[in-house]
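K.L.:
upload.cif (mmCIF, C-alpha atoms and all ligand atoms) pasted underneath:
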data_final
#
loop_
_atom_site.label_atom_id
_atom_site.label_comp_id
_atom_site.auth_asym_id
_atom_site.auth_seq_id
_atom_site.Cartn_x
_atom_site.Cartn_y
_atom_site.Cartn_z
CA MET C 214 -98.24 98.76 -29.55
CA THR C 215 -94.87 97.23 -28.65
CA LYS C 216 -94.65 93.60 -29.71
CA ILE C 217 -92.55 91.02 -27.92
CA LEU C 218 -91.90 87.43 -28.95
CA LEU C 219 -91.36 84.92 -26.15
CA ILE C 220 -89.38 81.86 -27.23
CA TYR C 221 -89.60 78.91 -24.87
CA THR C 222 -86.76 76.40 -25.16
CA GLY C 223 -87.15 74.59 -21.81
CA GLY C 224 -85.21 74.69 -18.55
CA THR C 225 -86.26 74.63 -14.90
CA ILE C 226 -88.61 77.59 -15.33
CA GLY C 227 -91.07 75.34 -17.15
CA MET C 228 -90.36 72.01 -15.47
CA VAL C 229 -92.53 69.76 -13.32
CA GLN C 230 -91.57 67.00 -10.95
CA ASP C 231 -92.16 63.52 -12.34
CA ALA C 232 -94.61 61.91 -9.92
CA LYS C 233 -92.89 58.52 -10.09
CA THR C 234 -89.17 59.33 -10.18
CA GLY C 235 -89.11 62.78 -8.57
CA THR C 236 -86.78 64.15 -11.28
CA LEU C 237 -87.47 67.50 -12.95
CA ARG C 238 -88.51 67.36 -16.59
CA PRO C 239 -89.79 70.01 -19.07
CA PHE C 240 -93.55 70.41 -19.58
CA ASN C 241 -95.96 72.04 -21.96
CA PHE C 242 -95.48 75.81 -22.46
CA LYS C 243 -99.21 76.61 -22.28
CA GLN C 244 -99.15 75.60 -18.63
CA LEU C 245 -96.34 78.09 -18.11
CA THR C 246 -98.34 81.14 -19.22
CA LYS C 247 -101.23 79.87 -17.08
CA GLN C 248 -98.94 80.13 -14.09
CA VAL C 249 -98.27 83.83 -14.78
CA PRO C 250 -101.63 85.58 -15.32
CA GLU C 251 -99.79 88.89 -14.73
CA LEU C 252 -98.55 88.60 -18.32
CA HIS C 253 -101.99 89.65 -19.54
CA ARG C 254 -101.68 92.99 -17.73
CA PHE C 255 -98.75 94.18 -19.83
CA GLN C 256 -99.51 97.11 -22.15
CA LEU C 257 -97.92 95.25 -25.02
CA GLU C 258 -98.63 92.52 -27.48
CA LEU C 259 -97.03 89.31 -26.31
CA HIS C 260 -96.78 86.33 -28.61
CA SER C 261 -94.99 83.08 -27.95
CA VAL C 262 -93.42 80.14 -29.71
CA SER C 263 -92.31 77.01 -27.98
CA PHE C 264 -89.89 74.26 -28.93
CA LYS C 265 -91.95 71.19 -29.83
CA LYS C 266 -89.90 69.26 -27.33
CA PRO C 267 -88.61 71.62 -24.63
CA ILE C 268 -85.13 70.68 -23.45
CA ASP C 269 -83.01 70.78 -20.35
CA SER C 270 -80.27 73.16 -21.42
CA SER C 271 -77.61 70.51 -20.85
CA ASN C 272 -78.84 69.18 -24.19
CA MET C 273 -78.22 72.51 -25.92
CA ASN C 274 -76.06 72.36 -29.07
CA PRO C 275 -75.10 74.42 -32.15
CA GLN C 276 -78.02 73.05 -34.22
CA VAL C 277 -80.44 74.44 -31.65
CA TRP C 278 -78.60 77.78 -31.67
CA VAL C 279 -79.10 77.91 -35.44
CA HIS C 280 -82.78 77.13 -34.95
CA LEU C 281 -83.07 79.96 -32.40
CA ALA C 282 -81.27 82.40 -34.69
CA GLN C 283 -83.65 81.42 -37.50
CA ILE C 284 -86.71 82.06 -35.32
CA ILE C 285 -85.36 85.54 -34.53
CA GLU C 286 -84.45 86.20 -38.18
CA LYS C 287 -87.91 85.17 -39.38
CA ASN C 288 -89.66 87.38 -36.83
CA TYR C 289 -87.16 90.23 -36.68
CA THR C 290 -89.19 92.89 -38.46
CA LEU C 291 -92.44 91.81 -36.80
CA TYR C 292 -91.35 92.31 -33.18
CA ASP C 293 -89.68 95.00 -31.07
CA GLY C 294 -87.84 92.56 -28.83
CA PHE C 295 -87.28 88.90 -28.01
CA VAL C 296 -87.25 87.01 -24.71
CA ILE C 297 -85.77 83.52 -24.68
CA LEU C 298 -86.73 81.22 -21.81
CA HIS C 299 -83.81 78.89 -21.32
CA GLY C 300 -82.31 76.55 -18.73
CA SER C 301 -79.67 78.25 -16.65
CA ASP C 302 -76.98 75.56 -17.02
CA THR C 303 -75.86 76.57 -20.51
CA MET C 304 -77.61 79.93 -20.83
CA ALA C 305 -74.28 81.76 -20.93
CA TYR C 306 -73.17 79.61 -23.90
CA THR C 307 -76.39 80.27 -25.82
CA ALA C 308 -76.21 84.00 -25.07
CA SER C 309 -72.59 84.09 -26.25
CA ALA C 310 -73.34 82.07 -29.40
CA LEU C 311 -76.31 84.28 -30.33
CA SER C 312 -74.25 87.42 -29.79
CA PHE C 313 -71.90 86.28 -32.56
CA MET C 314 -74.61 84.85 -34.81
CA LEU C 315 -76.81 87.98 -34.72
CA GLU C 316 -74.74 90.78 -36.21
CA ASN C 317 -76.00 94.41 -36.32
CA LEU C 318 -78.70 94.02 -33.69
CA SER C 319 -81.01 96.96 -33.10
CA LYS C 320 -83.49 95.01 -30.94
CA PRO C 321 -83.15 93.31 -27.55
CA VAL C 322 -82.66 89.56 -27.25
CA ILE C 323 -83.01 88.81 -23.53
CA LEU C 324 -82.42 85.36 -22.11
CA THR C 325 -83.85 84.35 -18.77
CA GLY C 326 -84.89 81.30 -16.77
CA SER C 327 -85.07 80.36 -13.13
CA GLN C 328 -83.70 78.19 -10.37
CA LEU C 329 -87.17 77.02 -9.24
CA PRO C 330 -90.00 75.98 -11.57
CA ILE C 331 -92.60 78.67 -12.17
CA GLY C 332 -95.37 76.63 -10.54
CA ILE C 333 -93.62 76.58 -7.18
CA ILE C 334 -94.71 79.26 -4.70
CA ARG C 335 -91.20 80.56 -3.99
CA THR C 336 -90.24 80.60 -7.66
CA ASP C 337 -87.78 83.17 -8.96
CA GLY C 338 -89.19 82.52 -12.45
CA LYS C 339 -92.05 85.02 -12.31
CA GLU C 340 -89.90 88.05 -11.54
CA ASN C 341 -87.26 86.98 -14.04
CA LEU C 342 -89.83 86.51 -16.80
CA ILE C 343 -91.81 89.69 -16.12
CA THR C 344 -88.76 91.95 -15.86
CA ALA C 345 -87.08 90.35 -18.89
CA ILE C 346 -90.19 91.20 -20.93
CA GLU C 347 -90.17 94.75 -19.60
CA ILE C 348 -86.50 95.16 -20.57
CA ALA C 349 -87.10 93.69 -24.03
CA ALA C 350 -89.89 96.23 -24.53
CA ALA C 351 -88.06 99.27 -23.11
CA LYS C 352 -87.43 102.14 -25.53
CA ASN C 353 -85.98 105.61 -25.30
CA LYS C 354 -87.79 108.83 -26.22
CA ARG C 355 -86.84 108.40 -29.85
CA GLY C 356 -88.43 104.96 -29.91
CA LYS C 357 -85.12 103.06 -30.03
CA ALA C 358 -84.57 99.94 -27.93
CA LEU C 359 -82.76 100.59 -24.64
CA VAL C 360 -80.89 97.28 -24.78
CA PRO C 361 -80.20 96.42 -28.43
CA GLU C 362 -78.00 93.43 -27.69
CA VAL C 363 -78.04 89.82 -26.48
CA ALA C 364 -78.29 89.93 -22.70
CA VAL C 365 -79.05 87.68 -19.74
CA TYR C 366 -81.53 88.80 -17.06
CA PHE C 367 -81.44 86.95 -13.75
CA GLU C 368 -82.26 87.92 -10.17
CA TYR C 369 -82.53 91.70 -10.55
CA GLU C 370 -79.49 92.12 -12.83
CA LEU C 371 -79.02 92.36 -16.57
CA TYR C 372 -75.69 91.22 -18.01
CA ARG C 373 -74.07 91.35 -21.43
CA GLY C 374 -74.70 87.82 -22.77
CA ASN C 375 -71.15 87.06 -23.89
CA ARG C 376 -69.66 88.26 -20.58
CA THR C 377 -71.90 86.08 -18.44
CA LEU C 378 -71.24 82.82 -16.63
CA LYS C 379 -73.27 80.61 -14.31
CA TYR C 380 -71.42 80.46 -11.04
CA ASN C 381 -74.01 79.22 -8.54
CA SER C 382 -76.35 76.25 -8.82
CA GLU C 383 -78.14 76.89 -5.52
CA HIS C 384 -78.77 80.60 -5.14
CA PHE C 385 -81.32 82.60 -7.09
CA ASP C 386 -78.41 84.90 -7.88
CA ALA C 387 -76.89 82.35 -10.29
CA PHE C 388 -74.99 84.48 -12.79
CA LYS C 389 -72.08 86.88 -12.83
CA SER C 390 -70.38 89.05 -15.39
CA PRO C 391 -66.99 89.37 -13.69
CA ASN C 392 -65.18 91.35 -16.37
CA TYR C 393 -67.94 93.72 -17.49
CA PRO C 394 -70.34 95.97 -15.54
CA VAL C 395 -74.02 95.05 -15.25
CA LEU C 396 -76.14 96.60 -17.99
CA ALA C 397 -79.14 97.25 -15.76
CA GLU C 398 -80.41 96.72 -12.25
CA ALA C 399 -84.01 96.11 -11.32
CA GLY C 400 -85.14 97.62 -8.04
CA VAL C 401 -88.25 99.71 -7.60
CA ASP C 402 -87.29 101.06 -11.04
CA ILE C 403 -85.08 99.51 -13.67
CA THR C 404 -81.85 101.52 -13.88
CA TYR C 405 -80.02 101.22 -17.18
CA ASN C 406 -76.23 101.71 -17.35
CA ASP C 407 -76.39 103.35 -20.78
CA ASN C 408 -72.62 103.83 -20.99
CA TYR C 409 -72.07 100.08 -21.04
CA ILE C 410 -74.95 99.04 -23.28
CA ALA C 411 -74.22 98.45 -26.98
CA LYS C 412 -75.35 101.10 -29.42
CA CYS C 413 -78.29 100.40 -31.73
CA SER C 414 -76.98 99.22 -35.08
CA THR C 415 -78.16 101.13 -38.12
CA LYS C 416 -77.14 98.32 -40.43
CA LYS C 417 -79.33 95.45 -41.57
CA LEU C 418 -79.41 92.37 -39.32
CA ARG C 419 -77.02 89.68 -40.53
CA VAL C 420 -77.58 86.17 -39.25
CA HIS C 421 -74.62 83.77 -39.27
CA LYS C 422 -75.82 80.19 -39.36
CA HIS C 423 -72.69 78.11 -39.74
CA LEU C 424 -70.96 76.96 -36.60
CA ASP C 425 -68.02 74.58 -36.59
CA ASN C 426 -67.50 72.55 -33.43
CA ASP C 427 -64.17 70.93 -34.36
CA ILE C 428 -62.69 72.41 -31.23
CA ALA C 429 -61.49 71.09 -27.87
CA VAL C 430 -60.73 72.48 -24.41
CA LEU C 431 -57.64 71.48 -22.46
CA PRO C 432 -58.18 72.38 -18.80
CA LEU C 433 -54.82 72.56 -17.00
CA PHE C 434 -54.22 71.22 -13.50
CA PRO C 435 -51.02 70.54 -11.59
CA GLY C 436 -49.93 67.01 -12.44
CA ILE C 437 -51.52 66.93 -15.88
CA SER C 438 -49.91 63.93 -17.58
CA LYS C 439 -48.04 63.73 -20.85
CA LYS C 440 -50.02 60.62 -21.78
CA ILE C 441 -53.38 62.35 -21.46
CA THR C 442 -52.23 65.62 -23.03
CA GLU C 443 -50.77 63.78 -26.01
CA SER C 444 -54.18 62.36 -26.82
CA TYR C 445 -55.12 65.83 -28.13
CA LEU C 446 -52.60 65.30 -30.93
CA GLN C 447 -54.61 62.31 -32.12
CA ILE C 448 -57.89 64.21 -32.62
CA LYS C 449 -58.64 64.08 -36.34
CA GLY C 450 -59.84 67.36 -37.84
CA LEU C 451 -59.17 69.41 -34.72
CA LYS C 452 -59.12 73.07 -35.76
CA ALA C 453 -58.76 74.89 -32.46
CA LEU C 454 -57.79 74.11 -28.89
CA ILE C 455 -58.64 76.29 -25.93
CA LEU C 456 -55.82 76.15 -23.43
CA TYR C 457 -57.72 76.68 -20.17
CA SER C 458 -54.81 78.13 -18.26
CA PHE C 459 -53.86 79.28 -14.79
CA GLY C 460 -53.93 82.88 -13.49
CA ALA C 461 -52.85 85.45 -16.05
CA GLY C 462 -52.59 82.80 -18.78
CA ASN C 463 -49.84 80.62 -17.32
CA ALA C 464 -49.00 76.99 -18.07
CA PRO C 465 -46.30 74.46 -17.20
CA THR C 466 -42.92 75.20 -18.81
CA GLU C 467 -41.95 71.54 -19.10
CA PRO C 468 -40.40 70.95 -22.52
CA TRP C 469 -42.75 68.05 -23.39
CA PHE C 470 -45.76 70.29 -22.76
CA LEU C 471 -44.53 73.20 -24.84
CA SER C 472 -43.37 71.01 -27.71
CA LEU C 473 -46.78 69.36 -27.76
CA LEU C 474 -48.49 72.73 -28.16
CA GLU C 475 -45.93 73.72 -30.79
CA HIS C 476 -46.67 70.51 -32.63
CA LEU C 477 -50.40 71.31 -32.66
CA ILE C 478 -49.74 74.83 -33.95
CA LYS C 479 -47.54 73.41 -36.72
CA GLN C 480 -50.43 71.10 -37.61
CA ASN C 481 -52.50 74.27 -38.16
CA VAL C 482 -54.48 74.00 -34.96
CA ILE C 483 -55.27 77.40 -33.40
CA VAL C 484 -54.30 77.39 -29.73
CA TYR C 485 -56.29 79.99 -27.77
CA ASN C 486 -55.32 80.86 -24.21
CA VAL C 487 -58.26 81.47 -21.84
CA THR C 488 -57.78 81.79 -18.09
CA GLN C 489 -59.57 79.65 -15.51
CA CYS C 490 -59.78 82.77 -13.31
CA LEU C 491 -63.20 84.36 -13.45
CA VAL C 492 -61.86 87.87 -12.97
CA GLY C 493 -58.88 89.29 -14.83
CA ARG C 494 -57.17 88.59 -18.12
CA VAL C 495 -54.52 86.65 -19.98
CA ILE C 496 -51.26 88.57 -20.26
CA GLN C 497 -48.81 86.33 -22.11
CA GLY C 498 -45.28 87.30 -21.13
CA LYS C 499 -46.13 88.70 -17.71
CA TYR C 500 -44.68 85.56 -16.12
CA GLN C 501 -41.99 83.27 -17.36
CA THR C 502 -44.68 80.56 -17.39
CA SER C 503 -46.51 82.27 -20.24
CA ALA C 504 -43.63 83.85 -22.18
CA ALA C 505 -42.95 80.67 -24.17
CA LEU C 506 -46.64 80.34 -25.09
CA LYS C 507 -46.52 83.68 -26.86
CA LYS C 508 -43.31 82.73 -28.63
CA ILE C 509 -44.69 79.51 -30.11
CA GLY C 510 -47.83 81.27 -31.38
CA VAL C 511 -50.48 80.66 -28.73
CA LEU C 512 -53.11 83.42 -29.03
CA SER C 513 -54.34 85.38 -26.04
CA GLY C 514 -58.03 85.09 -25.11
CA GLU C 515 -57.69 88.38 -23.21
CA ASP C 516 -60.48 88.59 -20.59
CA SER C 517 -62.85 86.24 -22.40
CA THR C 518 -65.09 83.81 -20.55
CA LEU C 519 -64.76 80.19 -21.60
CA GLU C 520 -68.32 80.40 -22.92
CA ALA C 521 -67.49 83.33 -25.19
CA ALA C 522 -64.23 81.71 -26.34
CA VAL C 523 -65.92 78.41 -27.28
CA THR C 524 -68.69 80.09 -29.24
CA LYS C 525 -66.44 82.71 -30.86
CA LEU C 526 -64.25 79.91 -32.20
CA MET C 527 -67.28 77.95 -33.45
CA PHE C 528 -68.56 81.09 -35.15
CA LEU C 529 -65.27 82.13 -36.77
CA LEU C 530 -64.42 78.59 -37.90
CA GLY C 531 -67.89 78.33 -39.43
CA GLU C 532 -67.30 81.41 -41.56
CA ASN C 533 -65.56 81.08 -44.87
CA LYS C 534 -62.29 82.62 -43.68
CA SER C 535 -58.59 81.84 -43.86
CA GLN C 536 -56.77 80.84 -40.69
CA ALA C 537 -54.87 84.14 -40.77
CA GLN C 538 -58.16 86.07 -40.82
CA ILE C 539 -59.60 83.94 -37.99
CA LYS C 540 -56.51 84.55 -35.88
CA LYS C 541 -56.78 88.27 -36.45
CA LEU C 542 -60.46 88.32 -35.53
CA LEU C 543 -59.86 86.27 -32.38
CA SER C 544 -57.86 89.10 -30.90
CA LYS C 545 -60.47 91.70 -31.94
CA ASN C 546 -63.49 92.70 -29.90
CA LEU C 547 -66.35 91.65 -32.18
CA ARG C 548 -69.47 91.95 -29.99
CA GLY C 549 -68.19 93.37 -26.72
CA GLU C 550 -66.93 89.95 -25.58
CA ILE C 551 -63.40 91.09 -24.69
CA SER C 552 -61.79 94.33 -23.56
CA VAL C 553 -58.73 95.07 -25.67
N1 LIG C 601 -80.89 71.80 -15.71
C1 LIG C 601 -81.64 73.01 -15.90
C2 LIG C 601 -81.37 73.51 -17.31
O1 LIG C 601 -80.35 74.11 -17.54
C3 LIG C 601 -81.29 74.01 -14.87
C4 LIG C 601 -82.04 75.33 -14.96
O2 LIG C 601 -82.85 75.58 -15.82
O3 LIG C 601 -81.81 76.18 -14.10
O4 LIG C 601 -82.17 73.32 -18.18
#
Spit out the file's structure as structure tokens when you get a sec.
P.N.:
Amino acid sequence: MTKILLIYTGGTIGMVQDAKTGTLRPFNFKQLTKQVPELHRFQLELHSVSFKKPIDSSNMNPQVWVHLAQIIEKNYTLYDGFVILHGSDTMAYTASALSFMLENLSKPVILTGSQLPIGIIRTDGKENLITAIEIAAAKNKRGKALVPEVAVYFEYELYRGNRTLKYNSEHFDAFKSPNYPVLAEAGVDITYNDNYIAKCSTKKLRVHKHLDNDIAVLPLFPGISKKITESYLQIKGLKALILYSFGAGNAPTEPWFLSLLEHLIKQNVIVYNVTQCLVGRVIQGKYQTSAALKKIGVLSGEDSTLEAAVTKLMFLLGENKSQAQIKKLLSKNLRGEISV
């Protein structure tokens, strides 16, 4: 029988309202399965593990990602698929991080959560949970997993994890994958877009457990001041800076701004250009406002989400690699996170 491991980390799906303050806080996982008796009707073996202290995903961090990767590593041969229940706020970061940490996947790792707690009558949590389990368990005729990659399932759509972003905090339809097609759609049946789903790896799973968060993000806005931007030069041990740029990767051409970036690059800081636009890509040199960036050695983030860029940098910096190797790998598509 197909075996699925449910990993509960926290998030709205399992929250209750504090009677005194009215704020939402995580509660005991056992109560969560009680709320979904339908789970017992699945023709599969469902086991679960829960974080001792479930968290709101705003408290997510690289140590927790390592813990999650270790849970999957420990149980990898015992289960056919994994479902991670996670808060929606940082789900796209966790999905991106896990996509880099879990190399050579041949089994599904599906993240899901909800906008309303599972105990509330109008909850979106039940459908999300039930369909995520079904996707994690789905196999083809040869017994291979249909979705052998890290993916996010939310509100009838399945997305590649490292292409996903949360774009809506009010609608049930909270996620988008603007630069990559949906992997599957759940209607009366679940339709899989096989052409876009990663192929099953035949290699042994490799789990990368070192992440380096000596990185920063510089979000551009018109009027950004020299004083504030210069403070990035003072960050001790900074290894990479994401230049969160305009449009197709554009930035101010003011000499002070460019010389500041050049200074950082000379100090061996990797400067990685990621666009604030949700759809489209960085094309350094398309406009005069990005030509100089290319010249001074800023690297293009292509059509990466910010979430994928942050976690790809943490992953590559955590590996024992030279800066030249890291730079080369940044422009390569490692886990389907960019189209090159
Ligand atoms: N704040 C919650 C979290 O990310 C929101 C959610 O789960 O939807 O944990």
K.L.:
Could you state the separation of CA of Ala505 (chain C) and CA of Tyr485 (chain C) in Å, given to one decimal place?
P.N.:
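Atom-to-atom, CA of Ala505 (chain C) to CA of Tyr485 (chain C), that is 13.8 Å.
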K.L.:
Could you please determine the separation between CA of Ser513 (chain C) and CA of Leu456 (chain C) in Å, to one decimal place?
P.N.:
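Interatomic distance here is 9.7 Å.
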K.L.:
Set the distance at 10 Å and use all atoms listed in the file: which residues neighbour Leu474 (chain C) once local chain neighbours fewer than 4 positions away are removed? I'd like the list as a JSON list (two decimals) with C-alpha atoms, in the frame of the given file.
P.N.:
[["chain", "number", "residue", "atom", "x", "y", "z"],
["C", 442, "THR", "CA", -52.23, 65.62, -23.03],
["C", 443, "GLU", "CA", -50.77, 63.78, -26.01],
["C", 445, "TYR", "CA", -55.12, 65.83, -28.13],
["C", 446, "LEU", "CA", -52.60, 65.30, -30.93],
["C", 454, "LEU", "CA", -57.79, 74.11, -28.89],
["C", 456, "LEU", "CA", -55.82, 76.15, -23.43],
["C", 469, "TRP", "CA", -42.75, 68.05, -23.39],
["C", 470, "PHE", "CA", -45.76, 70.29, -22.76],
["C", 478, "ILE", "CA", -49.74, 74.83, -33.95],
["C", 479, "LYS", "CA", -47.54, 73.41, -36.72],
["C", 480, "GLN", "CA", -50.43, 71.10, -37.61],
["C", 482, "VAL", "CA", -54.48, 74.00, -34.96],
["C", 483, "ILE", "CA", -55.27, 77.40, -33.40],
["C", 484, "VAL", "CA", -54.30, 77.39, -29.73],
["C", 506, "LEU", "CA", -46.64, 80.34, -25.09],
["C", 509, "ILE", "CA", -44.69, 79.51, -30.11],
["C", 510, "GLY", "CA", -47.83, 81.27, -31.38],
["C", 511, "VAL", "CA", -50.48, 80.66, -28.73]]
K.L.:
May I ask for the distance between CA of Arg355 (chain C) and CA of Asp402 (chain C), given in Å to one decimal place?
P.N.:
20.2 Å
K.L.:
Check the smallest atom-to-atom distance from each of C:Lys357, C:Lys352, C:Lys541, C:His384 to ligand LIG 601 (chain C) using all atoms listed in the file, then report the winner.
P.N.:
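Once distances to ligand LIG 601 (chain C) are computed over all atoms listed in the file, the minimum belongs to C:His384.
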K.L.:
Give me, as a ChimeraX atom specification, the set of residues whose atoms come within 7 Å of any atom of ligand LIG 601 (chain C), counting only C-alpha atoms and all ligand atoms.
P.N.:
/C:223-226,268-271,299-303,326-328
K.L.:
Can I get the selection written as an mmCIF file, in the coordinates of the input, with C-alpha atoms?
P.N.:
data_model
loop_
_atom_site.group_PDB
_atom_site.id
_atom_site.type_symbol
_atom_site.label_atom_id
_atom_site.label_comp_id
_atom_site.auth_asym_id
_atom_site.auth_seq_id
_atom_site.Cartn_x
_atom_site.Cartn_y
_atom_site.Cartn_z
ATOM 1 C CA GLY C 223 -87.150 74.590 -21.810
ATOM 2 C CA GLY C 224 -85.210 74.690 -18.550
ATOM 3 C CA THR C 225 -86.260 74.630 -14.900
ATOM 4 C CA ILE C 226 -88.610 77.590 -15.330
ATOM 5 C CA ILE C 268 -85.130 70.680 -23.450
ATOM 6 C CA ASP C 269 -83.010 70.780 -20.350
ATOM 7 C CA SER C 270 -80.270 73.160 -21.420
ATOM 8 C CA SER C 271 -77.610 70.510 -20.850
ATOM 9 C CA HIS C 299 -83.810 78.890 -21.320
ATOM 10 C CA GLY C 300 -82.310 76.550 -18.730
ATOM 11 C CA SER C 301 -79.670 78.250 -16.650
ATOM 12 C CA ASP C 302 -76.980 75.560 -17.020
ATOM 13 C CA THR C 303 -75.860 76.570 -20.510
ATOM 14 C CA GLY C 326 -84.890 81.300 -16.770
ATOM 15 C CA SER C 327 -85.070 80.360 -13.130
ATOM 16 C CA GLN C 328 -83.700 78.190 -10.370
#
K.L.:
Using all atoms listed in the file, which residues sit within 9 Å of Gln276 (chain C) once same-chain residues fewer than 4 positions away are excluded, as an mmCIF file with C-alpha atoms, keeping the file's coordinate frame?
P.N.:
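Below is the file that was written, result18.cif:
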data_model
loop_
_atom_site.group_PDB
_atom_site.id
_atom_site.type_symbol
_atom_site.label_atom_id
_atom_site.label_comp_id
_atom_site.auth_asym_id
_atom_site.auth_seq_id
_atom_site.Cartn_x
_atom_site.Cartn_y
_atom_site.Cartn_z
ATOM 1 C CA HIS C 280 -82.780 77.130 -34.950
ATOM 2 C CA LEU C 281 -83.070 79.960 -32.400
ATOM 3 C CA LEU C 424 -70.960 76.960 -36.600
#
K.L.:
Could you tell me, as a PDB file with C-alpha atoms, in the frame of the given file, which residues have any atom at most 12 Å from (-85.1, 93.4, -7.0), counting all atoms listed in the file?
P.N.:
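part-v4.pdb, freshly written:
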ATOM      1  CA  ASP C 337     -87.780  83.170  -8.960  1.00  0.00           C
ATOM      2  CA  GLU C 340     -89.900  88.050 -11.540  1.00  0.00           C
ATOM      3  CA  ASN C 341     -87.260  86.980 -14.040  1.00  0.00           C
ATOM      4  CA  ILE C 343     -91.810  89.690 -16.120  1.00  0.00           C
ATOM      5  CA  THR C 344     -88.760  91.950 -15.860  1.00  0.00           C
ATOM      6  CA  TYR C 366     -81.530  88.800 -17.060  1.00  0.00           C
ATOM      7  CA  PHE C 367     -81.440  86.950 -13.750  1.00  0.00           C
ATOM      8  CA  GLU C 368     -82.260  87.920 -10.170  1.00  0.00           C
ATOM      9  CA  TYR C 369     -82.530  91.700 -10.550  1.00  0.00           C
ATOM     10  CA  GLU C 370     -79.490  92.120 -12.830  1.00  0.00           C
ATOM     11  CA  LEU C 371     -79.020  92.360 -16.570  1.00  0.00           C
ATOM     12  CA  PHE C 385     -81.320  82.600  -7.090  1.00  0.00           C
ATOM     13  CA  ASP C 386     -78.410  84.900  -7.880  1.00  0.00           C
ATOM     14  CA  ALA C 397     -79.140  97.250 -15.760  1.00  0.00           C
ATOM     15  CA  GLU C 398     -80.410  96.720 -12.250  1.00  0.00           C
ATOM     16  CA  ALA C 399     -84.010  96.110 -11.320  1.00  0.00           C
ATOM     17  CA  GLY C 400     -85.140  97.620  -8.040  1.00  0.00           C
ATOM     18  CA  VAL C 401     -88.250  99.710  -7.600  1.00  0.00           C
ATOM     19  CA  ASP C 402     -87.290 101.060 -11.040  1.00  0.00           C
ATOM     20  CA  ILE C 403     -85.080  99.510 -13.670  1.00  0.00           C
ATOM     21  CA  THR C 404     -81.850 101.520 -13.880  1.00  0.00           C
TER      22      THR C 404
END
K.L.:
Determine the nearest neighbour of Glu316 (chain C) from the options C:Ala411, C:Glu362, C:Val420, C:Glu550, counting all atoms listed in the file.
P.N.:
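Ranked by minimum distance to Glu316 (chain C), first place goes to C:Val420.
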K.L.:
Please determine, counting all atoms listed in the file, which residue among C:Met228, C:Met314, C:Leu519, C:Leu431 has the shortest atom-to-atom distance to Leu378 (chain C).
P.N.:
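Result for the nearest residue to Leu378 (chain C): C:Leu519.
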K.L.:
Report as an MDAnalysis selection string all protein, DNA and RNA residues lying within 12 Å of region 545-549 of chain C, evaluated on only C-alpha atoms, omitting residues in the same chain fewer than 6 positions from it.
P.N.:
chainID C and resid 308:318 361:364 372:377 392:394 409:412 414 512:518 521:522 524:526 528:529 538:539
K.L.:
Just need the box for region 366-377 of chain C, edges along x, y and z, holding every atom the file lists for it with 8 Å tacked onto each side, so centre and edge lengths in Å to one decimal, as lines of an AutoDock Vina configuration file.
P.N.:
center_x = -76.1
center_y = 89.2
center_z = -17.0
size_x = 28.9
size_y = 22.3
size_z = 29.7
K.L.:
Have a look at C:Glu347, C:Asp407, C:Glu251, C:Glu467 and name the one nearest to Pro435 (chain C); count only C-alpha atoms.
P.N.:
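Counting only C-alpha atoms, the residue closest to Pro435 (chain C) is C:Glu467.
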K.L.:
Show which residues sit within 12 Å of Gly227 (chain C), as a ChimeraX atom specification. Count all atoms listed in the file, and ignore same-chain residues fewer than 2 positions away.
P.N.:
/C:221-225,229-230,237-249,263-264,266-270,298-301,325-333,336-339,342
K.L.:
When you count all atoms listed in the file, which of these residues is closest to Leu324 (chain C): C:Ala429, C:Val365, C:Ala351, C:Lys449?
P.N.:
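Nearest candidate to Leu324 (chain C) out of C:Ala429, C:Val365, C:Ala351, C:Lys449: C:Val365.
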K.L.:
So that I can check the surroundings of Asp293 (chain C), please list as a VMD selection string every protein, DNA and RNA residue that reaches within 9 Å of it, counting only C-alpha atoms and ignoring chain neighbours fewer than 5 positions away.
P.N.:
chain C and resid 215 to 218 320 to 321 349 to 350 358
K.L.:
Please rebuild region 290-295 of chain C with N, CA, C and O atoms and return the result as a compact mmCIF listing (two decimals), in the frame of the given file.
P.N.:
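To be explicit, this is the file written out as result-v2.txt:
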# COMPACT_ATOMS: atom_id res chain seq x y z
N THR C 290 -88.51 91.63 -38.13
CA THR C 290 -89.19 92.89 -38.46
C THR C 290 -90.57 92.97 -37.81
O THR C 290 -91.15 94.04 -37.72
N LEU C 291 -91.08 91.83 -37.36
CA LEU C 291 -92.44 91.81 -36.80
C LEU C 291 -92.50 92.19 -35.33
O LEU C 291 -93.55 92.51 -34.80
N TYR C 292 -91.35 92.08 -34.64
CA TYR C 292 -91.35 92.31 -33.18
C TYR C 292 -90.34 93.39 -32.78
O TYR C 292 -89.37 93.64 -33.49
N ASP C 293 -90.59 93.96 -31.59
CA ASP C 293 -89.68 95.00 -31.07
C ASP C 293 -88.59 94.39 -30.19
O ASP C 293 -87.57 95.03 -29.93
N GLY C 294 -88.83 93.19 -29.69
CA GLY C 294 -87.84 92.56 -28.83
C GLY C 294 -88.16 91.08 -28.65
O GLY C 294 -89.28 90.64 -28.94
N PHE C 295 -87.16 90.35 -28.15
CA PHE C 295 -87.28 88.90 -28.01
C PHE C 295 -86.86 88.49 -26.60
O PHE C 295 -85.85 88.99 -26.08
